[in-house]
$ cat query22.tsv   # TSV, C-alpha atoms
chain	number	residue	atom	x	y	z
M	1	MET	CA	0.00	0.00	0.00
M	2	ASN	CA	1.63	3.28	-1.09
M	3	SER	CA	1.69	6.63	0.67
M	4	LYS	CA	-1.22	8.01	-1.36
M	5	THR	CA	-3.51	5.17	-0.32
M	6	ILE	CA	-2.39	5.52	3.27
M	7	GLY	CA	-3.08	9.22	3.06
M	8	LEU	CA	-6.59	8.64	1.75
M	9	ILE	CA	-7.28	6.10	4.46
M	10	GLY	CA	-6.03	8.54	7.08
M	11	ILE	CA	-8.22	11.35	5.83
M	12	THR	CA	-11.22	9.05	5.54
M	13	ALA	CA	-10.65	7.75	9.07
M	14	VAL	CA	-10.56	11.29	10.42
M	15	VAL	CA	-13.78	12.16	8.60
M	16	LEU	CA	-15.55	9.02	9.84
M	17	LEU	CA	-14.37	9.63	13.40
M	18	ALA	CA	-15.53	13.21	13.28
M	19	LEU	CA	-18.91	12.28	11.84
M	20	ALA	CA	-19.38	9.54	14.42
M	21	SER	CA	-18.56	11.92	17.24
M	22	ALA	CA	-20.80	14.60	15.83
M	23	GLY	CA	-23.68	12.15	15.60
M	24	THR	CA	-24.01	12.08	19.37
M	25	ALA	CA	-25.00	15.70	19.68
M	26	GLN	CA	-26.74	18.36	17.68
M	27	ASP	CA	-24.45	20.07	15.21
M	28	THR	CA	-23.15	23.50	16.12
M	29	PRO	CA	-22.08	26.04	13.51
M	30	SER	CA	-18.47	25.16	14.29
M	31	THR	CA	-19.12	21.43	13.83
M	32	ALA	CA	-20.91	22.02	10.55
M	33	GLN	CA	-17.99	24.07	9.28
M	34	GLN	CA	-15.54	21.35	10.30
M	35	LYS	CA	-17.56	18.72	8.43
M	36	GLU	CA	-17.66	20.91	5.36
M	37	ARG	CA	-13.90	21.51	5.46
M	38	MET	CA	-13.21	17.78	5.90
M	39	GLY	CA	-15.49	16.92	3.01
M	40	GLU	CA	-13.78	19.48	0.81
M	41	ALA	CA	-10.36	18.09	1.81
M	42	VAL	CA	-11.33	14.53	0.89
M	43	ARG	CA	-12.92	15.67	-2.37
M	44	GLY	CA	-9.87	17.73	-3.28
M	45	TYR	CA	-7.51	14.88	-2.48
M	46	LEU	CA	-9.51	12.43	-4.61
M	47	LEU	CA	-9.71	14.86	-7.51
M	48	LYS	CA	-5.95	15.31	-7.35
M	49	HIS	CA	-5.27	11.57	-7.05
M	50	PRO	CA	-8.21	9.74	-8.72
M	51	GLU	CA	-6.07	6.63	-9.24
M	52	ILE	CA	-6.40	5.96	-5.52
M	53	ILE	CA	-10.01	4.90	-6.06
M	54	ASP	CA	-8.89	2.10	-8.40
M	55	GLU	CA	-6.19	1.07	-5.93
M	56	ALA	CA	-8.67	0.96	-3.07
M	57	MET	CA	-11.17	-1.05	-5.13
M	58	GLN	CA	-8.44	-3.53	-6.07
M	59	VAL	CA	-7.51	-3.96	-2.41
M	60	LEU	CA	-11.20	-4.48	-1.61
M	61	ARG	CA	-11.61	-7.07	-4.38
M	62	GLU	CA	-8.54	-8.96	-3.21
M	63	ARG	CA	-9.76	-8.92	0.36
M	64	GLN	CA	-13.21	-10.14	-0.65
M	65	ALA	CA	-11.70	-12.91	-2.80
M	66	ALA	CA	-9.51	-14.07	0.08
M	67	GLU	CA	-12.46	-14.05	2.48
M	68	ALA	CA	-14.60	-16.00	-0.02
M	69	ALA	CA	-11.83	-18.57	-0.55
M	70	ALA	CA	-11.44	-19.03	3.20
M	71	LYS	CA	-15.20	-19.42	3.62
M	72	THR	CA	-15.35	-21.99	0.81
M	73	ALA	CA	-12.44	-23.97	2.24
M	74	GLN	CA	-14.12	-24.08	5.65
M	75	ALA	CA	-17.44	-25.20	4.14
M	76	LEU	CA	-15.73	-27.93	2.13
M	77	LYS	CA	-13.95	-29.13	5.25
M	78	GLU	CA	-17.20	-29.27	7.23
M	79	HIS	CA	-19.00	-31.23	4.50
M	80	ARG	CA	-16.09	-33.40	3.35
M	81	ASP	CA	-17.79	-36.72	4.13
M	82	GLU	CA	-20.96	-35.75	2.27
M	83	LEU	CA	-18.90	-34.75	-0.73
M	84	LEU	CA	-16.61	-37.76	-0.86
M	85	ALA	CA	-18.19	-40.69	0.95
M	86	ASP	CA	-21.88	-40.75	0.05
M	87	PRO	CA	-22.61	-44.34	-1.12
M	88	MET	CA	-25.48	-43.19	-3.35
M	89	SER	CA	-23.33	-40.85	-5.41
M	90	PRO	CA	-22.09	-42.49	-8.63
M	91	VAL	CA	-18.32	-42.90	-8.91
M	92	VAL	CA	-16.21	-43.40	-12.02
M	93	GLY	CA	-12.47	-43.62	-12.51
M	94	ASP	CA	-10.35	-45.23	-9.81
M	95	PRO	CA	-12.62	-46.02	-6.81
M	96	ASN	CA	-9.52	-45.82	-4.60
M	97	GLY	CA	-8.02	-42.83	-6.35
M	98	LYS	CA	-5.44	-40.59	-4.74
M	99	VAL	CA	-7.49	-37.52	-5.66
M	100	THR	CA	-11.28	-37.12	-5.79
M	101	VAL	CA	-13.03	-34.74	-8.16
M	102	VAL	CA	-16.68	-33.96	-7.39
M	103	GLU	CA	-18.95	-32.51	-10.07
M	104	PHE	CA	-22.32	-30.89	-9.44
M	105	PHE	CA	-24.25	-31.01	-12.71
M	106	ASP	CA	-27.65	-30.79	-14.38
M	107	TYR	CA	-28.57	-32.89	-17.42
M	108	ASN	CA	-30.19	-29.85	-19.04
M	109	CYS	CA	-27.12	-27.69	-18.53
M	110	THR	CA	-25.46	-26.92	-21.87
M	111	TYR	CA	-22.23	-26.02	-20.08
M	112	CYS	CA	-22.19	-29.39	-18.32
M	113	ARG	CA	-22.55	-31.05	-21.71
M	114	ALA	CA	-19.74	-28.90	-23.08
M	115	ALA	CA	-17.53	-30.03	-20.18
M	116	GLY	CA	-18.17	-33.71	-20.94
M	117	PRO	CA	-15.27	-34.23	-23.38
M	118	MET	CA	-12.91	-32.49	-20.97
M	119	VAL	CA	-14.00	-34.81	-18.15
M	120	THR	CA	-13.42	-37.84	-20.38
M	121	GLU	CA	-9.94	-36.63	-21.31
M	122	LEU	CA	-9.19	-35.81	-17.69
M	123	LEU	CA	-10.01	-39.34	-16.55
M	124	GLN	CA	-8.07	-40.90	-19.40
M	125	GLY	CA	-4.97	-38.88	-18.59
M	126	ASN	CA	-5.23	-39.28	-14.81
M	127	PRO	CA	-6.10	-42.90	-14.01
M	128	ASP	CA	-5.53	-42.33	-10.29
M	129	VAL	CA	-8.47	-39.88	-10.08
M	130	ARG	CA	-11.73	-40.82	-8.41
M	131	PHE	CA	-14.64	-38.89	-9.96
M	132	VAL	CA	-17.92	-38.39	-8.08
M	133	TYR	CA	-21.12	-37.25	-9.78
M	134	LYS	CA	-23.57	-35.13	-7.78
M	135	GLU	CA	-26.96	-34.80	-9.43
M	136	PHE	CA	-27.98	-31.16	-9.00
M	137	PRO	CA	-31.20	-30.74	-11.02
M	138	THR	CA	-32.27	-27.11	-10.77
M	139	LEU	CA	-32.87	-25.92	-14.33
M	140	ALA	CA	-36.17	-27.67	-15.13
M	141	ALA	CA	-38.63	-30.27	-13.86
M	142	SER	CA	-37.30	-32.65	-16.50
M	143	SER	CA	-33.82	-32.23	-14.98
M	144	ARG	CA	-35.07	-33.89	-11.81
M	145	PHE	CA	-36.78	-36.64	-13.82
M	146	ALA	CA	-33.47	-37.32	-15.61
M	147	ALA	CA	-31.58	-37.37	-12.31
M	148	GLN	CA	-34.09	-39.79	-10.80
M	149	ALA	CA	-33.86	-42.01	-13.88
M	150	ALA	CA	-30.05	-42.03	-13.84
M	151	LEU	CA	-29.84	-42.94	-10.14
M	152	ALA	CA	-32.48	-45.63	-10.67
M	153	ALA	CA	-30.50	-47.04	-13.61
M	154	ARG	CA	-27.42	-47.21	-11.40
M	155	ARG	CA	-29.23	-49.78	-9.28
M	156	GLN	CA	-29.12	-52.10	-12.26
M	157	SER	CA	-25.35	-51.67	-12.63
M	158	PRO	CA	-22.70	-48.95	-12.45
M	159	GLU	CA	-21.90	-49.62	-16.11
M	160	LEU	CA	-25.49	-48.90	-17.13
M	161	TYR	CA	-25.40	-45.66	-15.17
M	162	THR	CA	-22.25	-44.57	-16.99
M	163	ALA	CA	-23.66	-45.46	-20.41
M	164	PHE	CA	-26.96	-43.72	-19.63
M	165	HIS	CA	-25.23	-40.67	-18.14
M	166	ASP	CA	-22.95	-40.28	-21.16
M	167	ARG	CA	-25.88	-40.47	-23.58
M	168	LEU	CA	-27.87	-37.92	-21.58
M	169	MET	CA	-24.90	-35.59	-21.64
M	170	LYS	CA	-24.65	-35.89	-25.42
M	171	ALA	CA	-28.35	-35.16	-25.99
M	172	LYS	CA	-29.32	-32.14	-28.06
M	173	GLY	CA	-31.72	-29.52	-26.74
M	174	ARG	CA	-33.88	-29.56	-23.64
M	175	LEU	CA	-34.60	-33.04	-22.31
M	176	ASP	CA	-38.21	-33.98	-21.64
M	177	GLU	CA	-39.43	-37.18	-19.98
M	178	ASP	CA	-40.03	-38.99	-23.26
M	179	ALA	CA	-36.50	-38.20	-24.42
M	180	VAL	CA	-35.03	-39.44	-21.14
M	181	VAL	CA	-36.91	-42.74	-21.40
M	182	GLN	CA	-35.87	-43.19	-25.04
M	183	ILE	CA	-32.22	-42.57	-24.17
M	184	ALA	CA	-32.53	-45.10	-21.34
M	185	ARG	CA	-33.72	-47.73	-23.82
M	186	GLU	CA	-30.84	-46.90	-26.16
M	187	ALA	CA	-28.44	-47.41	-23.25
M	188	ALA	CA	-29.94	-50.87	-22.61
M	189	VAL	CA	-31.51	-49.84	-19.31
M	190	ASP	CA	-34.50	-51.94	-18.15
M	191	VAL	CA	-37.00	-49.09	-18.34
M	192	ASP	CA	-39.77	-50.83	-16.37
M	193	ARG	CA	-37.41	-51.54	-13.51
M	194	MET	CA	-36.00	-48.02	-13.79
M	195	ARG	CA	-39.47	-46.49	-13.47
M	196	ALA	CA	-40.24	-48.65	-10.43
M	197	ASP	CA	-36.98	-47.70	-8.73
M	198	MET	CA	-37.59	-44.02	-9.45
M	199	GLU	CA	-40.50	-44.18	-7.00
M	200	ASP	CA	-38.17	-45.08	-4.12
M	201	PRO	CA	-38.15	-42.12	-1.68
M	202	ALA	CA	-34.44	-42.73	-1.10
M	203	ILE	CA	-33.66	-41.42	-4.59
M	204	ASN	CA	-35.55	-38.18	-4.06
M	205	LYS	CA	-33.96	-37.88	-0.64
M	206	ARG	CA	-30.50	-38.18	-2.20
M	207	ILE	CA	-31.27	-35.53	-4.81
M	208	ASP	CA	-32.64	-33.18	-2.14
M	209	GLY	CA	-29.53	-33.88	-0.09
M	210	ASN	CA	-27.33	-32.88	-3.02
M	211	ILE	CA	-29.21	-29.61	-3.40
M	212	GLU	CA	-28.86	-28.86	0.32
M	213	LEU	CA	-25.17	-29.75	0.20
M	214	ALA	CA	-24.63	-27.49	-2.80
M	215	ARG	CA	-26.22	-24.58	-0.98
M	216	ALA	CA	-24.21	-25.28	2.17
M	217	ILE	CA	-20.87	-25.07	0.36
M	218	GLY	CA	-21.83	-22.20	-1.93
M	219	VAL	CA	-22.52	-23.93	-5.25
M	220	THR	CA	-24.79	-21.68	-7.29
M	221	GLY	CA	-24.45	-23.01	-10.83
M	222	THR	CA	-23.43	-25.93	-12.98
M	223	PRO	CA	-21.04	-27.38	-13.67
M	224	THR	CA	-19.14	-26.88	-10.44
M	225	PHE	CA	-16.08	-29.01	-9.70
M	226	ILE	CA	-14.66	-29.59	-6.22
M	227	ILE	CA	-11.01	-30.65	-6.16
M	228	GLY	CA	-9.39	-30.70	-2.75
M	229	ASP	CA	-10.01	-27.25	-1.26
M	230	ALA	CA	-10.67	-25.67	-4.65
M	231	MET	CA	-14.06	-24.92	-6.20
M	232	LEU	CA	-14.01	-24.42	-9.97
M	233	VAL	CA	-17.18	-23.02	-11.49
M	234	GLY	CA	-18.05	-23.45	-15.16
M	235	VAL	CA	-16.27	-25.11	-18.05
M	236	LYS	CA	-12.56	-25.01	-17.33
M	237	PRO	CA	-9.56	-25.83	-19.55
M	238	LEU	CA	-8.10	-29.27	-19.01
M	239	GLN	CA	-4.81	-27.72	-17.91
M	240	GLN	CA	-6.51	-25.79	-15.09
M	241	MET	CA	-8.31	-28.92	-13.89
M	242	GLU	CA	-5.07	-30.92	-13.91
M	243	SER	CA	-3.30	-28.14	-12.04
M	244	ALA	CA	-5.95	-28.31	-9.31
M	245	ILE	CA	-5.57	-32.09	-9.20
M	246	ALA	CA	-1.80	-31.76	-8.87
M	247	ASP	CA	-2.28	-29.37	-5.95
M	248	ALA	CA	-4.67	-31.82	-4.26
M	249	ARG	CA	-2.61	-34.94	-4.92
M	250	PRO	CA	-0.80	-36.20	-1.79
M	251	PRO	CA	2.99	-35.67	-1.85
M	252	SER	CA	3.53	-39.42	-1.83
M	253	ALA	CA	1.57	-39.79	-5.04
M	254	PRO	CA	3.77	-38.75	-7.99
M	255	THR	CA	2.18	-36.85	-10.86
M	256	LEU	CA	1.50	-39.25	-13.71
M	257	ALA	CA	3.17	-38.52	-17.00
M	258	ARG	CA	0.79	-37.81	-19.83
$ encode --input "query22.tsv" --output "structure tokens"
Amino acid sequence: MNSKTIGLIGITAVVLLALASAGTAQDTPSTAQQKERMGEAVRGYLLKHPEIIDEAMQVLRERQAAEAAAKTAQALKEHRDELLADPMSPVVGDPNGKVTVVEFFDYNCTYCRAAGPMVTELLQGNPDVRFVYKEFPTLAASSRFAAQAALAARRQSPELYTAFHDRLMKAKGRLDEDAVVQIAREAAVDVDRMRADMEDPAINKRIDGNIELARAIGVTGTPTFIIGDAMLVGVKPLQQMESAIADARPPSAPTLAR
């Protein structure tokens, strides 16, 4: 922080102190004159050094970013088991992976679909990664239907879930219930059994739990990826994802050569 910023802070502090003190009693002519002089001094200083405003805003942004990162890290720590160890959340990649990536997604999210090829490449290039899917259907009623169907299909086999999930993610346009059922058939899912399992309250409870978890840790959109203590929002370059994985990988686990 340079001398100009310090000077502005000093002047501002004096003004605030004076205003706070003056607020406890009715203004006198002398007090009013002092306020006016202080206001003129601050205004004159800012007009002479307008760049200070940008500097102060940058400091504020950095402070807010640091506070947000600390808040996110604390929330992730408090909800670590829900993120990583929920038995109803589908897992792909290495089930005993050194690093876990968690994705909150919606089947109707075009950005989630756009991230699909990156996720595939990420898993291919990092075979020691455990990848957890968190159904987060918030965009449409059909998003929830698709999430229910996918979790029901998983009860038939993890492989069917993966095949169904991949096809849903490659669908074009907004999914409706008929489209979801047709894609399930194409993925060789037993649709009758899937529909029966979709009625199980445990599936809705899991989806509701994902939504509550997302809110608790500050997820507001899809896709959102959790890697260690980092939260990455939106479609990210593969290099950025791998960098976050490298940061989260235990020291004893060497980075795999690509």
$ closest_residue --input "query22.tsv" --among "M:Val99, M:Cys109, M:Leu83, M:Val129" --to "Ile211 (chain M)" --atoms "all atoms listed in the file"
M:Leu83
$ closest_residue --input "query22.tsv" --among "M:Thr110, M:Thr72, M:Gln240, M:Gln148" --to "Lys134 (chain M)" --atoms "all atoms listed in the file"
M:Gln148
$ atom_distance --input "query22.tsv" --atom1 "CA of Met231 (chain M)" --atom2 "CA of Lys98 (chain M)"
17.9 Å
$ closest_residue --input "query22.tsv" --among "M:Met198, M:Met57, M:Ala70, M:Cys112" --to "Leu139 (chain M)" --atoms "only C-alpha atoms"
M:Cys112
$ atom_distance --input "query22.tsv" --atom1 "CA of Gly234 (chain M)" --atom2 "CA of Ala163 (chain M)"
23.3 Å
$ atom_distance --input "query22.tsv" --atom1 "CA of Val91 (chain M)" --atom2 "CA of Gln124 (chain M)"
14.8 Å
